[in-house]
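*Asks:* What follows is the file work.txt, containing compact mmCIF, N, CA and C atoms:
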# COMPACT_ATOMS: atom_id res chain seq x y z
N MET Q 351 -61.55 -27.48 -90.10
CA MET Q 351 -60.93 -26.19 -89.87
C MET Q 351 -60.02 -26.28 -88.64
N LEU Q 352 -58.85 -25.71 -88.76
CA LEU Q 352 -57.89 -25.75 -87.66
C LEU Q 352 -58.31 -24.79 -86.54
N PRO Q 353 -58.08 -25.19 -85.29
CA PRO Q 353 -58.40 -24.30 -84.18
C PRO Q 353 -57.45 -23.10 -84.15
N ASN Q 354 -57.89 -22.03 -83.50
CA ASN Q 354 -57.08 -20.81 -83.45
C ASN Q 354 -55.86 -20.93 -82.56
N ARG Q 355 -55.90 -21.86 -81.61
CA ARG Q 355 -54.79 -22.03 -80.67
C ARG Q 355 -54.61 -23.52 -80.38
N ILE Q 356 -53.34 -23.94 -80.35
CA ILE Q 356 -52.99 -25.33 -80.06
C ILE Q 356 -52.21 -25.36 -78.75
N ALA Q 357 -52.61 -26.24 -77.85
CA ALA Q 357 -51.90 -26.41 -76.59
C ALA Q 357 -51.06 -27.68 -76.68
N LEU Q 358 -49.77 -27.54 -76.50
CA LEU Q 358 -48.87 -28.69 -76.49
C LEU Q 358 -48.76 -29.25 -75.08
N SER Q 359 -48.25 -30.44 -74.97
CA SER Q 359 -48.01 -31.04 -73.65
C SER Q 359 -46.74 -30.46 -73.05
N GLN Q 360 -46.60 -30.63 -71.75
CA GLN Q 360 -45.37 -30.21 -71.07
C GLN Q 360 -44.17 -30.98 -71.64
N ASN Q 361 -44.37 -32.26 -71.90
CA ASN Q 361 -43.31 -33.11 -72.44
C ASN Q 361 -42.83 -32.57 -73.79
N ALA Q 362 -43.76 -32.32 -74.70
CA ALA Q 362 -43.38 -31.81 -76.02
C ALA Q 362 -42.72 -30.44 -75.90
N THR Q 363 -43.26 -29.60 -75.03
CA THR Q 363 -42.70 -28.27 -74.84
C THR Q 363 -41.25 -28.35 -74.37
N SER Q 364 -40.98 -29.23 -73.42
CA SER Q 364 -39.60 -29.40 -72.92
C SER Q 364 -38.67 -29.90 -74.01
N LYS Q 365 -39.13 -30.88 -74.77
CA LYS Q 365 -38.29 -31.42 -75.85
C LYS Q 365 -38.04 -30.38 -76.93
N LEU Q 366 -39.06 -29.59 -77.25
CA LEU Q 366 -38.88 -28.54 -78.25
C LEU Q 366 -37.89 -27.49 -77.79
N GLN Q 367 -37.94 -27.14 -76.51
CA GLN Q 367 -36.99 -26.17 -75.97
C GLN Q 367 -35.56 -26.72 -76.01
N TYR Q 368 -35.42 -28.00 -75.70
CA TYR Q 368 -34.10 -28.65 -75.75
C TYR Q 368 -33.55 -28.63 -77.18
N ILE Q 369 -34.39 -29.01 -78.15
CA ILE Q 369 -33.95 -29.03 -79.54
C ILE Q 369 -33.65 -27.60 -80.01
N LYS Q 370 -34.44 -26.64 -79.56
CA LYS Q 370 -34.18 -25.24 -79.91
C LYS Q 370 -32.81 -24.81 -79.40
N SER Q 371 -32.47 -25.21 -78.17
CA SER Q 371 -31.17 -24.81 -77.62
C SER Q 371 -30.01 -25.41 -78.40
N ASN Q 372 -30.24 -26.55 -79.05
CA ASN Q 372 -29.20 -27.21 -79.84
C ASN Q 372 -29.13 -26.71 -81.28
N THR Q 373 -30.28 -26.26 -81.82
CA THR Q 373 -30.33 -25.94 -83.24
C THR Q 373 -30.61 -24.47 -83.54
N GLY Q 374 -31.24 -23.78 -82.61
CA GLY Q 374 -31.66 -22.40 -82.85
C GLY Q 374 -33.01 -22.30 -83.54
N LEU Q 375 -33.60 -23.43 -83.91
CA LEU Q 375 -34.92 -23.42 -84.55
C LEU Q 375 -36.00 -23.22 -83.49
N THR Q 376 -36.97 -22.38 -83.79
CA THR Q 376 -38.02 -22.07 -82.84
C THR Q 376 -39.03 -23.21 -82.71
N PRO Q 377 -39.75 -23.26 -81.60
CA PRO Q 377 -40.73 -24.34 -81.38
C PRO Q 377 -41.79 -24.44 -82.48
N ASN Q 378 -42.20 -23.32 -83.06
CA ASN Q 378 -43.22 -23.42 -84.11
C ASN Q 378 -42.66 -24.12 -85.36
N ILE Q 379 -41.43 -23.81 -85.73
CA ILE Q 379 -40.82 -24.47 -86.89
C ILE Q 379 -40.59 -25.94 -86.58
N LEU Q 380 -40.09 -26.23 -85.38
CA LEU Q 380 -39.88 -27.62 -84.98
C LEU Q 380 -41.19 -28.40 -84.92
N SER Q 381 -42.25 -27.74 -84.49
CA SER Q 381 -43.58 -28.39 -84.45
C SER Q 381 -44.06 -28.72 -85.86
N ARG Q 382 -43.81 -27.82 -86.81
CA ARG Q 382 -44.18 -28.11 -88.20
C ARG Q 382 -43.45 -29.34 -88.71
N ILE Q 383 -42.16 -29.41 -88.41
CA ILE Q 383 -41.37 -30.58 -88.83
C ILE Q 383 -41.90 -31.83 -88.15
N ALA Q 384 -42.21 -31.75 -86.87
CA ALA Q 384 -42.74 -32.90 -86.12
C ALA Q 384 -44.05 -33.39 -86.73
N ILE Q 385 -44.93 -32.47 -87.06
CA ILE Q 385 -46.21 -32.85 -87.67
C ILE Q 385 -45.97 -33.58 -88.99
N MET Q 386 -45.08 -33.03 -89.81
CA MET Q 386 -44.82 -33.66 -91.11
C MET Q 386 -44.21 -35.05 -90.96
N LEU Q 387 -43.31 -35.22 -89.99
CA LEU Q 387 -42.73 -36.55 -89.74
C LEU Q 387 -43.82 -37.55 -89.38
N THR Q 388 -44.73 -37.13 -88.53
CA THR Q 388 -45.80 -38.03 -88.10
C THR Q 388 -46.75 -38.33 -89.25
N LEU Q 389 -47.13 -37.32 -90.00
CA LEU Q 389 -48.03 -37.55 -91.13
C LEU Q 389 -47.40 -38.51 -92.14
N LYS Q 390 -46.11 -38.39 -92.32
CA LYS Q 390 -45.40 -39.23 -93.29
C LYS Q 390 -45.25 -40.67 -92.82
N GLU Q 391 -44.97 -40.87 -91.54
CA GLU Q 391 -44.54 -42.18 -91.08
C GLU Q 391 -45.52 -42.92 -90.18
N SER Q 392 -46.59 -42.28 -89.76
CA SER Q 392 -47.43 -42.93 -88.76
C SER Q 392 -48.90 -42.86 -89.13
N ASN Q 393 -49.59 -43.95 -88.88
CA ASN Q 393 -51.05 -43.93 -89.03
C ASN Q 393 -51.72 -44.26 -87.70
N ASP Q 394 -50.95 -44.21 -86.62
CA ASP Q 394 -51.47 -44.55 -85.31
C ASP Q 394 -50.98 -43.55 -84.28
N LEU Q 395 -51.90 -42.83 -83.69
CA LEU Q 395 -51.53 -41.86 -82.67
C LEU Q 395 -51.67 -42.40 -81.26
N SER Q 396 -51.98 -43.68 -81.14
CA SER Q 396 -52.15 -44.25 -79.80
C SER Q 396 -50.85 -44.23 -79.01
N SER Q 397 -49.72 -44.16 -79.70
CA SER Q 397 -48.43 -44.10 -79.01
C SER Q 397 -48.05 -42.68 -78.61
N ALA Q 398 -48.91 -41.72 -78.90
CA ALA Q 398 -48.59 -40.32 -78.62
C ALA Q 398 -48.38 -40.08 -77.13
N GLY Q 399 -49.19 -40.71 -76.30
CA GLY Q 399 -49.01 -40.58 -74.86
C GLY Q 399 -49.14 -39.16 -74.36
N VAL Q 400 -50.05 -38.38 -74.91
CA VAL Q 400 -50.26 -37.02 -74.45
C VAL Q 400 -50.94 -37.08 -73.09
N LEU Q 401 -50.22 -36.64 -72.06
CA LEU Q 401 -50.74 -36.72 -70.70
C LEU Q 401 -51.38 -35.42 -70.24
N ASP Q 402 -51.04 -34.33 -70.90
CA ASP Q 402 -51.58 -33.04 -70.49
C ASP Q 402 -51.56 -32.09 -71.68
N TYR Q 403 -52.20 -30.98 -71.51
CA TYR Q 403 -52.21 -29.92 -72.52
C TYR Q 403 -51.79 -28.61 -71.83
N ASP Q 404 -50.82 -28.74 -70.94
CA ASP Q 404 -50.37 -27.63 -70.09
C ASP Q 404 -49.07 -27.00 -70.56
N GLY Q 405 -48.62 -27.37 -71.74
CA GLY Q 405 -47.37 -26.82 -72.25
C GLY Q 405 -47.60 -25.53 -73.02
N GLN Q 406 -46.70 -25.26 -73.91
CA GLN Q 406 -46.74 -24.03 -74.70
C GLN Q 406 -48.03 -23.97 -75.53
N LYS Q 407 -48.57 -22.78 -75.63
CA LYS Q 407 -49.74 -22.53 -76.47
C LYS Q 407 -49.25 -21.80 -77.72
N LEU Q 408 -49.65 -22.30 -78.86
CA LEU Q 408 -49.24 -21.71 -80.13
C LEU Q 408 -50.47 -21.27 -80.92
N GLU Q 409 -50.47 -20.02 -81.32
CA GLU Q 409 -51.54 -19.52 -82.19
C GLU Q 409 -51.42 -20.19 -83.55
N LYS Q 410 -52.56 -20.40 -84.19
CA LYS Q 410 -52.58 -21.04 -85.50
C LYS Q 410 -51.65 -20.34 -86.49
N SER Q 411 -51.69 -19.02 -86.50
CA SER Q 411 -50.87 -18.27 -87.46
C SER Q 411 -49.37 -18.42 -87.18
N VAL Q 412 -49.01 -18.63 -85.92
CA VAL Q 412 -47.60 -18.83 -85.57
C VAL Q 412 -47.19 -20.26 -85.87
N LEU Q 413 -48.03 -21.21 -85.49
CA LEU Q 413 -47.69 -22.61 -85.68
C LEU Q 413 -47.57 -22.96 -87.16
N PHE Q 414 -48.51 -22.53 -87.97
CA PHE Q 414 -48.53 -22.94 -89.37
C PHE Q 414 -48.05 -21.88 -90.35
N GLY Q 415 -47.97 -20.63 -89.91
CA GLY Q 415 -47.48 -19.56 -90.76
C GLY Q 415 -48.29 -19.40 -92.02
N GLU Q 416 -47.60 -19.12 -93.10
CA GLU Q 416 -48.28 -18.89 -94.38
C GLU Q 416 -48.80 -20.18 -95.01
N TYR Q 417 -48.51 -21.30 -94.38
CA TYR Q 417 -48.94 -22.61 -94.92
C TYR Q 417 -50.14 -23.18 -94.19
N THR Q 418 -50.91 -22.34 -93.52
CA THR Q 418 -52.06 -22.80 -92.75
C THR Q 418 -53.01 -23.64 -93.59
N ASP Q 419 -53.31 -23.19 -94.81
CA ASP Q 419 -54.25 -23.93 -95.66
C ASP Q 419 -53.71 -25.31 -96.03
N VAL Q 420 -52.41 -25.39 -96.26
CA VAL Q 420 -51.80 -26.68 -96.62
C VAL Q 420 -51.89 -27.65 -95.43
N TYR Q 421 -51.53 -27.17 -94.24
CA TYR Q 421 -51.62 -28.01 -93.06
C TYR Q 421 -53.06 -28.41 -92.77
N ASP Q 422 -53.98 -27.49 -92.99
CA ASP Q 422 -55.40 -27.78 -92.77
C ASP Q 422 -55.83 -28.97 -93.63
N VAL Q 423 -55.49 -28.94 -94.89
CA VAL Q 423 -55.87 -30.03 -95.81
C VAL Q 423 -55.18 -31.34 -95.39
N MET Q 424 -53.88 -31.28 -95.12
CA MET Q 424 -53.15 -32.52 -94.80
C MET Q 424 -53.64 -33.14 -93.50
N ILE Q 425 -53.85 -32.33 -92.48
CA ILE Q 425 -54.29 -32.86 -91.19
C ILE Q 425 -55.71 -33.40 -91.28
N ASN Q 426 -56.58 -32.70 -91.96
CA ASN Q 426 -57.94 -33.20 -92.12
C ASN Q 426 -58.00 -34.47 -92.96
N GLN Q 427 -57.13 -34.58 -93.96
CA GLN Q 427 -57.06 -35.81 -94.74
C GLN Q 427 -56.57 -36.96 -93.87
N TYR Q 428 -55.57 -36.69 -93.03
CA TYR Q 428 -55.06 -37.70 -92.09
C TYR Q 428 -56.17 -38.16 -91.15
N ILE Q 429 -56.93 -37.23 -90.62
CA ILE Q 429 -58.04 -37.57 -89.72
C ILE Q 429 -59.05 -38.44 -90.46
N HIS Q 430 -59.38 -38.06 -91.67
CA HIS Q 430 -60.34 -38.83 -92.47
C HIS Q 430 -59.81 -40.23 -92.78
N ASP Q 431 -58.56 -40.31 -93.26
CA ASP Q 431 -57.98 -41.59 -93.64
C ASP Q 431 -57.87 -42.56 -92.48
N ASN Q 432 -57.69 -42.03 -91.26
CA ASN Q 432 -57.50 -42.88 -90.10
C ASN Q 432 -58.74 -42.97 -89.21
N ASP Q 433 -59.85 -42.46 -89.70
CA ASP Q 433 -61.13 -42.51 -88.97
C ASP Q 433 -61.00 -42.03 -87.52
N LEU Q 434 -60.31 -40.92 -87.33
CA LEU Q 434 -60.12 -40.39 -85.99
C LEU Q 434 -61.34 -39.60 -85.57
N THR Q 435 -61.68 -39.69 -84.30
CA THR Q 435 -62.86 -39.00 -83.78
C THR Q 435 -62.52 -37.91 -82.76
N GLN Q 436 -61.24 -37.81 -82.38
CA GLN Q 436 -60.83 -36.79 -81.42
C GLN Q 436 -60.98 -35.40 -82.05
N PRO Q 437 -61.12 -34.39 -81.21
CA PRO Q 437 -61.12 -33.01 -81.73
C PRO Q 437 -59.80 -32.73 -82.43
N ILE Q 438 -59.85 -31.90 -83.46
CA ILE Q 438 -58.67 -31.65 -84.28
C ILE Q 438 -57.51 -31.07 -83.47
N GLY Q 439 -57.79 -30.26 -82.47
CA GLY Q 439 -56.72 -29.71 -81.63
C GLY Q 439 -55.94 -30.79 -80.90
N LYS Q 440 -56.66 -31.81 -80.43
CA LYS Q 440 -56.00 -32.92 -79.75
C LYS Q 440 -55.21 -33.78 -80.74
N VAL Q 441 -55.71 -33.91 -81.94
CA VAL Q 441 -54.99 -34.64 -82.98
C VAL Q 441 -53.68 -33.92 -83.30
N ILE Q 442 -53.73 -32.61 -83.43
CA ILE Q 442 -52.52 -31.84 -83.74
C ILE Q 442 -51.51 -31.98 -82.62
N THR Q 443 -51.98 -31.89 -81.37
CA THR Q 443 -51.08 -32.06 -80.22
C THR Q 443 -50.42 -33.44 -80.27
N ALA Q 444 -51.20 -34.47 -80.59
CA ALA Q 444 -50.66 -35.83 -80.68
C ALA Q 444 -49.67 -35.95 -81.84
N LEU Q 445 -49.96 -35.31 -82.96
CA LEU Q 445 -49.03 -35.34 -84.10
C LEU Q 445 -47.69 -34.72 -83.71
N VAL Q 446 -47.74 -33.61 -82.99
CA VAL Q 446 -46.51 -32.96 -82.53
C VAL Q 446 -45.79 -33.88 -81.55
N GLU Q 447 -46.53 -34.48 -80.63
CA GLU Q 447 -45.94 -35.34 -79.59
C GLU Q 447 -45.17 -36.51 -80.24
N VAL Q 448 -45.80 -37.18 -81.18
CA VAL Q 448 -45.15 -38.31 -81.86
C VAL Q 448 -43.95 -37.83 -82.66
N GLY Q 449 -44.11 -36.75 -83.39
CA GLY Q 449 -43.01 -36.23 -84.20
C GLY Q 449 -41.83 -35.76 -83.38
N VAL Q 450 -42.10 -35.12 -82.25
CA VAL Q 450 -41.01 -34.66 -81.38
C VAL Q 450 -40.25 -35.86 -80.82
N HIS Q 451 -40.97 -36.92 -80.52
CA HIS Q 451 -40.30 -38.14 -80.05
C HIS Q 451 -39.35 -38.67 -81.14
N LYS Q 452 -39.78 -38.61 -82.38
CA LYS Q 452 -38.94 -39.06 -83.50
C LYS Q 452 -37.72 -38.15 -83.70
N MET Q 453 -37.80 -36.93 -83.16
CA MET Q 453 -36.71 -35.97 -83.30
C MET Q 453 -35.78 -35.96 -82.10
N GLY Q 454 -35.94 -36.89 -81.19
CA GLY Q 454 -35.19 -36.90 -79.94
C GLY Q 454 -33.69 -36.99 -80.10
N HIS Q 455 -33.22 -37.47 -81.22
CA HIS Q 455 -31.78 -37.63 -81.44
C HIS Q 455 -31.09 -36.36 -81.91
N ILE Q 456 -31.84 -35.31 -82.18
CA ILE Q 456 -31.27 -34.10 -82.77
C ILE Q 456 -30.38 -33.37 -81.77
N LYS Q 457 -29.13 -33.21 -82.15
CA LYS Q 457 -28.14 -32.52 -81.30
C LYS Q 457 -27.62 -31.24 -81.94
N GLN Q 458 -27.82 -31.13 -83.27
CA GLN Q 458 -27.35 -29.94 -83.99
C GLN Q 458 -28.19 -29.75 -85.23
N LEU Q 459 -28.07 -28.58 -85.83
CA LEU Q 459 -28.88 -28.23 -86.99
C LEU Q 459 -28.72 -29.22 -88.14
N SER Q 460 -27.54 -29.74 -88.33
CA SER Q 460 -27.33 -30.68 -89.44
C SER Q 460 -28.15 -31.96 -89.25
N ASP Q 461 -28.47 -32.32 -88.01
CA ASP Q 461 -29.31 -33.49 -87.76
C ASP Q 461 -30.72 -33.27 -88.29
N VAL Q 462 -31.21 -32.04 -88.25
CA VAL Q 462 -32.53 -31.73 -88.77
C VAL Q 462 -32.54 -31.94 -90.29
N CYS Q 463 -31.47 -31.56 -90.92
CA CYS Q 463 -31.36 -31.69 -92.37
C CYS Q 463 -31.35 -33.16 -92.81
N LYS Q 464 -31.01 -34.05 -91.91
CA LYS Q 464 -30.94 -35.48 -92.25
C LYS Q 464 -32.24 -36.22 -92.01
N LEU Q 465 -33.25 -35.53 -91.46
CA LEU Q 465 -34.53 -36.17 -91.22
C LEU Q 465 -35.16 -36.58 -92.54
N LYS Q 466 -35.76 -37.75 -92.55
CA LYS Q 466 -36.40 -38.23 -93.76
C LYS Q 466 -37.81 -38.62 -93.48
As structure tokens, how would this structure be written, given the file I've shared?
*Replies:*
Amino acid sequence: MLPNRIALSQNATSKLQYIKSNTGLTPNILSRIAIMLTLKESNDLSSAGVLDYDGQKLEKSVLFGEYTDVYDVMINQYIHDNDLTQPIGKVITALVEVGVHKMGHIKQLSDVCKLK
């Protein structure tokens, strides 16, 4: 079960704000994209480098919207497949951290459309 609130790192929060200023997409939408990029391309969160949980706090309903159940299943399957033992909130923060790093090149909205 997904936690009611997710705390992002300061690093991820700063990067999300930067991407928002370039694209107009809000941090919750960008976080969803970041999670999906990580789920698709990564089976190792050791590179996440989450140093703190002092960044933006996102309520579950805001972060996942109407797709909460879908994200719940995908994230829990990822945790199961990768034998992760961290609390799910920390896993979600790490998924966002890795995904936001993969989105570092985004300068405009059309760059988001080119993500694969």
*Asks:* When DSSP works through the backbone of this structure, what residues of range 365-444 of chain Q end up as helix (DSSP H, G or I), shown as an NGL selection string?
*Replies:* :Q and (365-373 or 377-391 or 410-431 or 438-444)
*Asks:* So that I can check the surroundings of Lys365 in chain Q, please list as number ranges by chain every protein, DNA and RNA residue that reaches within 8 Å of it, counting only N, CA and C atoms and ignoring chain neighbours fewer than 6 positions away.
*Replies:* Q: 359, 371, 377, 450-451, 453-454
*Asks:* Around the point (-28.1, -24.9, -87.1), in the coordinates given by the file, pick out the residues reaching within 6 Å, counting only N, CA and C atoms, and return them as an NGL selection string.
*Replies:* :Q and (373-374 or 458-460)
*Asks:* In Å, with one decimal, what is the gap from atom C of Val412 in chain Q to CA of Ile379 in chain Q?
*Replies:*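 If I compute the distance from atom C of Val412 in chain Q to CA of Ile379 in chain Q, I get 7.7 Å.
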*Asks:* Please determine, counting only N, CA and C atoms, which residue among Q:Asn378, Q:Ile456, Q:Gly405, Q:Thr418 has the shortest atom-to-atom distance to Ser364 in chain Q.
*Replies:*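 Between Q:Asn378, Q:Ile456, Q:Gly405, Q:Thr418, the residue approaching Ser364 in chain Q most closely is Q:Gly405.
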*Asks:* Using only C-alpha atoms for the distances, tell me which of Q:Leu352, Q:Ile442, Q:Leu375, Q:Val448 is nearest to Ser396 in chain Q.
*Replies:*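 Closest to Ser396 in chain Q, using only C-alpha atoms: Q:Val448.
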*Asks:* Counting only N, CA and C atoms, which of Q:Asp419, Q:Asp404, Q:Glu409, Q:Asp394 gets nearest to Asn432 in chain Q?
*Replies:*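 Residue with the minimum atom-to-atom distance to Asn432 in chain Q: Q:Asp394.
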*Asks:* Could you pull the residues within 10 Å of Ser392 in chain Q, counting only C-alpha atoms, minus those fewer than 4 positions along the same chain, as JSON, numbers by chain?
*Replies:* {"Q": [386, 387, 388, 397, 428, 445, 448, 449]}
*Asks:* If I take atom C of Arg355 in chain Q and atom N of Gly439 in chain Q, how far is one from the other in Å, to one decimal?
*Replies:*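 A separation of 7.7 Å between them.
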*Asks:* Select, from Q:Gln406, Q:Thr376, Q:Thr443, Q:Gln436, the residue with the minimum atom-to-atom distance to Gln360 in chain Q, counting only C-alpha atoms.
*Replies:*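 Smallest separation from Gln360 in chain Q among the options: Q:Gln406.
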